[in-house]
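Report on the structure given below.
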Amino acid sequence: MAAALFSTLSKFSKSTATTSLLFSKLRCMSNVPENTVYGGPKPQNGNQRVTLTHLQQKYRSAERITMVTAYDYPSAVHLDTAGIDICLVGDSASMVVHGHDTTLPITLDEMLVHCRSVARGAKRPFLVGDLPFGTYESSTDQAVDTAVRVLKEGGMDAIKLEGGSPSRITAAKAIVESGIAVMGHVGLTPQAISVLGGFRPQGKNIASAVKVVVTALALQKAGCFSVVLECVPAPVAAAATSALQIPTIGIGAGPFCSGQVLVYHDLLGMMQHPHHAKVTPKFCKQFGQVGDVINKALLEYKEEVTKGSFPGAAHSPYKIGGADVDGFLNELQKLGLNEAAEAAAKKMTVC
């Protein structure tokens with residue numbers, strides 16, 4: 001419909017400022033970006049939005065890629081404003097947001113809620129959604145179906161899956177062949193804590209280090225556009241990065257990866273209470289102390305409410321007209337609410 005209207009308008013006045021403005025408005029009505037066949041699940045500005053092409057260009061020019069894991073609209077807006085390249089909607093929401101001890105409990109439906117929230121707030125970053133545990137292991141059909149839902153219902157641009165077993169490699173290949181971009185994930189894979197024996201770093205001996213590199217290569221061969229390297233020694237990450245022809249994104253993997261990722265809450269220092277120590281990794285640098293700021297603000301709010309100093313006149317902006325006040329008081333008295341009328345009359349003089 002928008003395309004037909006464009007064509008009709010173009011026949012009459014392509015050069016006028018009015019038509020240019022109308023063209024601009026109509027572009028905002030279309031979810032298909034100019035000069036592309038298909039640009040993803042939401043309206044986009046081709047000049048601003050990060051795509052796989054942009055990420056590949058950064059990789060080829062040796063520019064570091066920035067990625068942050070976020071789970072909701074407010075954090076997505078922050079990432080958007082900061083110009084972060086990739087936003088990962090991670091299954092770590094199970095721990096960081098839902099309070100579980102592992103990533104395993106979160107469901108696909110719960111992940112889709114997080115994905116949609118992020119997609120509404122992050123208009124610039126490339127969006128990647130995690131496939132949660134139990135939604136892609138049974139068969140390639142299950143893996144593809146889940147990936148399709150993450151794009152169609154979650155508004156993501158790509159998916160991420162963990163591990164490098166033959167079945168995971170097959171799943172990654174099938175998803176790529178279905179037309180969906182896939183990010184791999186090797187090293188510490190939190191969904192595999194049952195066999196790893198907990199959240200343990202990988203690549204600390206010869207066999208494990210070689211496995212990290214070989215698995216990353218297998219994911220590249222399956223068609224992955226990037227691979228996350230989690231909790232591996234820096235030399236191992238450097239070897240994998242050198243061996244691959246796709247970007248590596250490090251998390252607890254040293255400085256030699258093509259890019260880095262941290263969880264939004266972790267890098268902001270949002271979780272200060274000792275209870276949260278279990279979900280704040282040792283490798284995470286806190287670039288702020290937002291948790292302290294939040295705690296201070298909440299304590300101040302509690303104190304002012306308790307003392308009755310909030311809200312004051314400055315935060316009580318809604319007024320009732322003088323003539324209406326008398327009528328309101330009369331109506332209260334007619335209802336037999338004399339005490340309520342007296343209370344309202346007294347407060348009118350205060351406000």
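Labels used: A, B, ... for chains in the order of the structure tokens, numbers from 1 for residues in each chain, and numbers from 1 for ligands as shown.
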At a cut-off of 8 Å, can you tabulate as a Markdown table every residue of range 217-290 of chain A near range 175-195 of chain A together with its closest atom pair and the distance in Å to one decimal, using only C-alpha atoms and ordering rows by chain then number?
| residue | atom | partner | partner_atom | distance |
| --- | --- | --- | --- | --- |
| A:Leu219 | CA | A:Gly184 | CA | 6.3 |
| A:Ala222 | CA | A:Val176 | CA | 7.7 |
| A:Gly223 | CA | A:Val176 | CA | 6.2 |
| A:Cys224 | CA | A:Val182 | CA | 4.9 |
| A:Phe225 | CA | A:Met183 | CA | 5.8 |
| A:Ser226 | CA | A:Met183 | CA | 5.0 |
| A:Val227 | CA | A:Gly184 | CA | 4.4 |
| A:Val228 | CA | A:His185 | CA | 4.5 |
| A:Leu229 | CA | A:Val186 | CA | 5.3 |
| A:Glu230 | CA | A:Gly187 | CA | 5.1 |
| A:Cys231 | CA | A:Leu188 | CA | 5.6 |
| A:Val232 | CA | A:Gly187 | CA | 6.0 |
Same residues, N, CA and C atoms, saved as a PDB file, in the first residue's frame:
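Result written to out-v9.pdb:
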ATOM      1  N   LEU A 219      31.361 -24.680  14.565  1.00  0.00           N
ATOM      2  CA  LEU A 219      30.218 -23.767  14.519  1.00  0.00           C
ATOM      3  C   LEU A 219      30.341 -22.800  13.342  1.00  0.00           C
ATOM      4  N   ALA A 222      29.310 -24.593  10.335  1.00  0.00           N
ATOM      5  CA  ALA A 222      27.850 -24.778  10.295  1.00  0.00           C
ATOM      6  C   ALA A 222      27.133 -23.526   9.815  1.00  0.00           C
ATOM      7  N   GLY A 223      27.860 -22.405   9.756  1.00  0.00           N
ATOM      8  CA  GLY A 223      27.271 -21.183   9.226  1.00  0.00           C
ATOM      9  C   GLY A 223      27.060 -20.080  10.239  1.00  0.00           C
ATOM     10  N   CYS A 224      27.560 -20.254  11.464  1.00  0.00           N
ATOM     11  CA  CYS A 224      27.404 -19.213  12.484  1.00  0.00           C
ATOM     12  C   CYS A 224      28.121 -17.935  12.053  1.00  0.00           C
ATOM     13  N   PHE A 225      27.534 -16.789  12.359  1.00  0.00           N
ATOM     14  CA  PHE A 225      28.141 -15.518  11.986  1.00  0.00           C
ATOM     15  C   PHE A 225      29.101 -15.014  13.052  1.00  0.00           C
ATOM     16  N   SER A 226      29.057 -15.609  14.252  1.00  0.00           N
ATOM     17  CA  SER A 226      29.913 -15.196  15.353  1.00  0.00           C
ATOM     18  C   SER A 226      29.886 -16.286  16.420  1.00  0.00           C
ATOM     19  N   VAL A 227      30.874 -16.269  17.309  1.00  0.00           N
ATOM     20  CA  VAL A 227      30.930 -17.246  18.395  1.00  0.00           C
ATOM     21  C   VAL A 227      31.297 -16.538  19.695  1.00  0.00           C
ATOM     22  N   VAL A 228      30.519 -16.801  20.733  1.00  0.00           N
ATOM     23  CA  VAL A 228      30.840 -16.310  22.074  1.00  0.00           C
ATOM     24  C   VAL A 228      31.831 -17.273  22.718  1.00  0.00           C
ATOM     25  N   LEU A 229      32.887 -16.723  23.312  1.00  0.00           N
ATOM     26  CA  LEU A 229      33.868 -17.506  24.060  1.00  0.00           C
ATOM     27  C   LEU A 229      33.738 -17.108  25.528  1.00  0.00           C
ATOM     28  N   GLU A 230      33.263 -18.026  26.351  1.00  0.00           N
ATOM     29  CA  GLU A 230      32.996 -17.690  27.754  1.00  0.00           C
ATOM     30  C   GLU A 230      33.931 -18.430  28.709  1.00  0.00           C
ATOM     31  N   CYS A 231      34.538 -17.669  29.596  1.00  0.00           N
ATOM     32  CA  CYS A 231      35.357 -18.206  30.689  1.00  0.00           C
ATOM     33  C   CYS A 231      36.422 -19.187  30.198  1.00  0.00           C
ATOM     34  N   VAL A 232      37.272 -18.705  29.310  1.00  0.00           N
ATOM     35  CA  VAL A 232      38.415 -19.487  28.849  1.00  0.00           C
ATOM     36  C   VAL A 232      39.665 -18.624  28.992  1.00  0.00           C
TER      37      VAL A 232
END
- Item | Every residue of range 138-350 of chain A that DSSP places in alpha helix (DSSP H), as JSON, numbers by chain | {"A": [140, 141, 142, 143, 144, 145, 146, 147, 148, 149, 150, 151, 152, 166, 167, 168, 169, 170, 171, 172, 173, 174, 175, 176, 177, 193, 194, 195, 196, 206, 207, 208, 209, 210, 211, 212, 213, 214, 215, 216, 217, 218, 219, 220, 221, 222, 234, 235, 236, 237, 238, 239, 240, 241, 242, 243, 264, 265, 266, 267, 290, 291, 292, 293, 294, 295, 296, 297, 298, 299, 300, 301, 302, 303, 304, 305, 306, 307, 322, 323, 324, 325, 326, 327, 328, 329, 330, 331, 332, 333, 334, 338, 339, 340, 341, 342, 343, 344, 345, 346, 347, 348, 349, 350]}
- Message: Can you tell me which residues surround Ser94 in chain A at a distance of at most 7 Å, considering only C-alpha atoms, apart from same-chain residues fewer than 6 positions away, and format the answer as JSON, numbers by chain?
- Response: {"A": [100, 102, 103, 105, 106]}
Store the residues picked out above, limited to all heavy atoms, as a PDB file, in the first residue's frame.
ATOM      1  N   HIS A 100      16.544 -17.321  39.804  1.00  0.00           N
ATOM      2  CA  HIS A 100      16.922 -18.731  39.885  1.00  0.00           C
ATOM      3  C   HIS A 100      18.435 -18.870  40.053  1.00  0.00           C
ATOM      4  O   HIS A 100      19.199 -17.935  39.785  1.00  0.00           O
ATOM      5  CB  HIS A 100      16.473 -19.482  38.627  1.00  0.00           C
ATOM      6  CG  HIS A 100      14.989 -19.528  38.435  1.00  0.00           C
ATOM      7  ND1 HIS A 100      14.138 -20.185  39.292  1.00  0.00           N
ATOM      8  CD2 HIS A 100      14.190 -18.989  37.469  1.00  0.00           C
ATOM      9  CE1 HIS A 100      12.895 -20.071  38.874  1.00  0.00           C
ATOM     10  NE2 HIS A 100      12.894 -19.343  37.779  1.00  0.00           N
ATOM     11  N   THR A 102      20.248 -21.045  38.315  1.00  0.00           N
ATOM     12  CA  THR A 102      20.832 -21.418  37.028  1.00  0.00           C
ATOM     13  C   THR A 102      19.989 -20.825  35.907  1.00  0.00           C
ATOM     14  O   THR A 102      18.924 -20.237  36.144  1.00  0.00           O
ATOM     15  CB  THR A 102      20.877 -22.953  36.839  1.00  0.00           C
ATOM     16  OG1 THR A 102      19.545 -23.453  36.611  1.00  0.00           O
ATOM     17  CG2 THR A 102      21.477 -23.642  38.069  1.00  0.00           C
ATOM     18  N   THR A 103      20.463 -21.034  34.683  1.00  0.00           N
ATOM     19  CA  THR A 103      19.708 -20.559  33.518  1.00  0.00           C
ATOM     20  C   THR A 103      18.653 -21.566  33.063  1.00  0.00           C
ATOM     21  O   THR A 103      17.858 -21.260  32.167  1.00  0.00           O
ATOM     22  CB  THR A 103      20.650 -20.283  32.333  1.00  0.00           C
ATOM     23  OG1 THR A 103      21.271 -21.508  31.923  1.00  0.00           O
ATOM     24  CG2 THR A 103      21.720 -19.272  32.708  1.00  0.00           C
ATOM     25  N   PRO A 105      15.787 -22.980  34.323  1.00  0.00           N
ATOM     26  CA  PRO A 105      14.328 -22.942  34.481  1.00  0.00           C
ATOM     27  C   PRO A 105      13.565 -22.067  33.493  1.00  0.00           C
ATOM     28  O   PRO A 105      12.375 -22.289  33.268  1.00  0.00           O
ATOM     29  CB  PRO A 105      14.143 -22.393  35.910  1.00  0.00           C
ATOM     30  CG  PRO A 105      15.423 -22.666  36.606  1.00  0.00           C
ATOM     31  CD  PRO A 105      16.463 -22.507  35.546  1.00  0.00           C
ATOM     32  N   ILE A 106      14.190 -21.069  32.908  1.00  0.00           N
ATOM     33  CA  ILE A 106      13.434 -20.133  32.084  1.00  0.00           C
ATOM     34  C   ILE A 106      12.845 -20.819  30.857  1.00  0.00           C
ATOM     35  O   ILE A 106      13.480 -21.670  30.234  1.00  0.00           O
ATOM     36  CB  ILE A 106      14.301 -18.920  31.677  1.00  0.00           C
ATOM     37  CG1 ILE A 106      13.416 -17.766  31.216  1.00  0.00           C
ATOM     38  CG2 ILE A 106      15.327 -19.293  30.613  1.00  0.00           C
ATOM     39  CD1 ILE A 106      14.141 -16.438  31.136  1.00  0.00           C
TER      40      ILE A 106
END
- Item | CA of Ala207 in chain A to CA of Ala143 in chain A, straight-line distance in Å | 28.8 Å
- Task: Using DSSP on the backbone coordinates, identify the residues of range 109-243 of chain A assigned to strand (DSSP E or B); present them as a ChimeraX atom specification.
- Result: /A:126-130,158-160,181-187,226-230
Given the selection you just returned, output its residues as a file containing N, CA, C and O atoms, formatted as a PDB file, in the first residue's frame.
ATOM      1  N   PHE A 126      21.893  -4.664  16.826  1.00  0.00           N
ATOM      2  CA  PHE A 126      21.534  -5.961  16.255  1.00  0.00           C
ATOM      3  C   PHE A 126      21.055  -6.824  17.419  1.00  0.00           C
ATOM      4  O   PHE A 126      21.726  -6.930  18.445  1.00  0.00           O
ATOM      5  N   LEU A 127      19.894  -7.447  17.286  1.00  0.00           N
ATOM      6  CA  LEU A 127      19.262  -8.148  18.399  1.00  0.00           C
ATOM      7  C   LEU A 127      19.414  -9.666  18.270  1.00  0.00           C
ATOM      8  O   LEU A 127      19.064 -10.249  17.243  1.00  0.00           O
ATOM      9  N   VAL A 128      19.926 -10.270  19.330  1.00  0.00           N
ATOM     10  CA  VAL A 128      20.143 -11.714  19.354  1.00  0.00           C
ATOM     11  C   VAL A 128      19.396 -12.301  20.551  1.00  0.00           C
ATOM     12  O   VAL A 128      19.532 -11.809  21.673  1.00  0.00           O
ATOM     13  N   GLY A 129      18.619 -13.346  20.314  1.00  0.00           N
ATOM     14  CA  GLY A 129      17.880 -13.992  21.395  1.00  0.00           C
ATOM     15  C   GLY A 129      18.400 -15.392  21.674  1.00  0.00           C
ATOM     16  O   GLY A 129      18.622 -16.187  20.752  1.00  0.00           O
ATOM     17  N   ASP A 130      18.610 -15.700  22.944  1.00  0.00           N
ATOM     18  CA  ASP A 130      19.045 -17.039  23.343  1.00  0.00           C
ATOM     19  C   ASP A 130      17.932 -18.064  23.145  1.00  0.00           C
ATOM     20  O   ASP A 130      16.766 -17.787  23.439  1.00  0.00           O
ATOM     21  N   ALA A 158      18.473 -12.483  15.209  1.00  0.00           N
ATOM     22  CA  ALA A 158      19.263 -13.711  15.162  1.00  0.00           C
ATOM     23  C   ALA A 158      19.058 -14.461  16.465  1.00  0.00           C
ATOM     24  O   ALA A 158      18.455 -13.941  17.411  1.00  0.00           O
ATOM     25  N   ILE A 159      19.557 -15.687  16.515  1.00  0.00           N
ATOM     26  CA  ILE A 159      19.471 -16.478  17.743  1.00  0.00           C
ATOM     27  C   ILE A 159      20.869 -16.905  18.166  1.00  0.00           C
ATOM     28  O   ILE A 159      21.813 -16.882  17.381  1.00  0.00           O
ATOM     29  N   LYS A 160      20.986 -17.271  19.433  1.00  0.00           N
ATOM     30  CA  LYS A 160      22.234 -17.846  19.940  1.00  0.00           C
ATOM     31  C   LYS A 160      21.918 -19.193  20.565  1.00  0.00           C
ATOM     32  O   LYS A 160      20.899 -19.329  21.254  1.00  0.00           O
ATOM     33  N   ALA A 181      20.019 -16.187  11.150  1.00  0.00           N
ATOM     34  CA  ALA A 181      21.406 -16.013  11.574  1.00  0.00           C
ATOM     35  C   ALA A 181      21.612 -16.614  12.959  1.00  0.00           C
ATOM     36  O   ALA A 181      20.758 -16.490  13.843  1.00  0.00           O
ATOM     37  N   VAL A 182      22.765 -17.275  13.135  1.00  0.00           N
ATOM     38  CA  VAL A 182      23.043 -17.993  14.386  1.00  0.00           C
ATOM     39  C   VAL A 182      24.379 -17.539  14.963  1.00  0.00           C
ATOM     40  O   VAL A 182      25.389 -17.467  14.268  1.00  0.00           O
ATOM     41  N   MET A 183      24.364 -17.270  16.265  1.00  0.00           N
ATOM     42  CA  MET A 183      25.588 -17.015  17.022  1.00  0.00           C
ATOM     43  C   MET A 183      25.874 -18.246  17.867  1.00  0.00           C
ATOM     44  O   MET A 183      24.976 -18.752  18.552  1.00  0.00           O
ATOM     45  N   GLY A 184      27.097 -18.758  17.813  1.00  0.00           N
ATOM     46  CA  GLY A 184      27.471 -19.914  18.616  1.00  0.00           C
ATOM     47  C   GLY A 184      27.975 -19.495  19.988  1.00  0.00           C
ATOM     48  O   GLY A 184      28.141 -18.302  20.268  1.00  0.00           O
ATOM     49  N   HIS A 185      28.233 -20.481  20.826  1.00  0.00           N
ATOM     50  CA  HIS A 185      28.661 -20.191  22.196  1.00  0.00           C
ATOM     51  C   HIS A 185      29.434 -21.400  22.711  1.00  0.00           C
ATOM     52  O   HIS A 185      28.886 -22.489  22.844  1.00  0.00           O
ATOM     53  N   VAL A 186      30.727 -21.203  23.013  1.00  0.00           N
ATOM     54  CA  VAL A 186      31.569 -22.301  23.494  1.00  0.00           C
ATOM     55  C   VAL A 186      32.326 -21.861  24.744  1.00  0.00           C
ATOM     56  O   VAL A 186      32.274 -20.709  25.150  1.00  0.00           O
ATOM     57  N   GLY A 187      33.049 -22.795  25.322  1.00  0.00           N
ATOM     58  CA  GLY A 187      33.718 -22.556  26.595  1.00  0.00           C
ATOM     59  C   GLY A 187      32.781 -22.951  27.717  1.00  0.00           C
ATOM     60  O   GLY A 187      32.198 -24.053  27.693  1.00  0.00           O
ATOM     61  N   SER A 226      29.057 -15.609  14.252  1.00  0.00           N
ATOM     62  CA  SER A 226      29.913 -15.196  15.353  1.00  0.00           C
ATOM     63  C   SER A 226      29.886 -16.286  16.420  1.00  0.00           C
ATOM     64  O   SER A 226      28.986 -17.127  16.433  1.00  0.00           O
ATOM     65  N   VAL A 227      30.874 -16.269  17.309  1.00  0.00           N
ATOM     66  CA  VAL A 227      30.930 -17.246  18.395  1.00  0.00           C
ATOM     67  C   VAL A 227      31.297 -16.538  19.695  1.00  0.00           C
ATOM     68  O   VAL A 227      32.265 -15.765  19.740  1.00  0.00           O
ATOM     69  N   VAL A 228      30.519 -16.801  20.733  1.00  0.00           N
ATOM     70  CA  VAL A 228      30.840 -16.310  22.074  1.00  0.00           C
ATOM     71  C   VAL A 228      31.831 -17.273  22.718  1.00  0.00           C
ATOM     72  O   VAL A 228      31.649 -18.495  22.670  1.00  0.00           O
ATOM     73  N   LEU A 229      32.887 -16.723  23.312  1.00  0.00           N
ATOM     74  CA  LEU A 229      33.868 -17.506  24.060  1.00  0.00           C
ATOM     75  C   LEU A 229      33.738 -17.108  25.528  1.00  0.00           C
ATOM     76  O   LEU A 229      34.068 -15.982  25.900  1.00  0.00           O
ATOM     77  N   GLU A 230      33.263 -18.026  26.351  1.00  0.00           N
ATOM     78  CA  GLU A 230      32.996 -17.690  27.754  1.00  0.00           C
ATOM     79  C   GLU A 230      33.931 -18.430  28.709  1.00  0.00           C
ATOM     80  O   GLU A 230      34.073 -19.651  28.637  1.00  0.00           O
TER      81      GLU A 230
END
- Nearest-residue call for Thr170 in chain A, choices A:Ala218, A:Ala234, A:Cys87, A:Val113, using only C-alpha atoms: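 Of A:Ala218, A:Ala234, A:Cys87, A:Val113, the one nearest Thr170 in chain A is A:Ala218, counting only C-alpha atoms.
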- Asp85 in chain A surroundings by only C-alpha atoms, 9 Å radius, close-in-sequence under 4 positions cut, as a list of chain:residue names: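 That gives A:Arg49, A:Val50, A:Thr51, A:Leu55, A:Ile65, A:Thr66, A:Met67, A:Val68, A:Leu79, A:Asp80, A:Arg124, A:Pro125, A:Phe126, A:Leu127.
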- Residue among A:Ala323, A:Ala216, A:Ala93, A:Val261 lying closest to Leu244 in chain A, counting only C-alpha atoms: A:Ala216
- Task: Measure the distance from CA of Gln289 in chain A to CA of Gly99 in chain A in Å and round it to one decimal.
- Result: 20.4 Å
- Task: Do a neighbour search on Ser208 in chain A at 12 Å with only C-alpha atoms, toss out local chain neighbours closer than 2 positions, and write the hits as number ranges by chain.
- Result: A: 186-188, 196, 200-206, 210-215, 232-233, 236
- For CA of Val77 in chain A and CA of Ser117 in chain A, determine how far apart the two atoms are, in Å to one decimal place.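 We find that CA of Val77 in chain A and CA of Ser117 in chain A lie 10.2 Å from each other.
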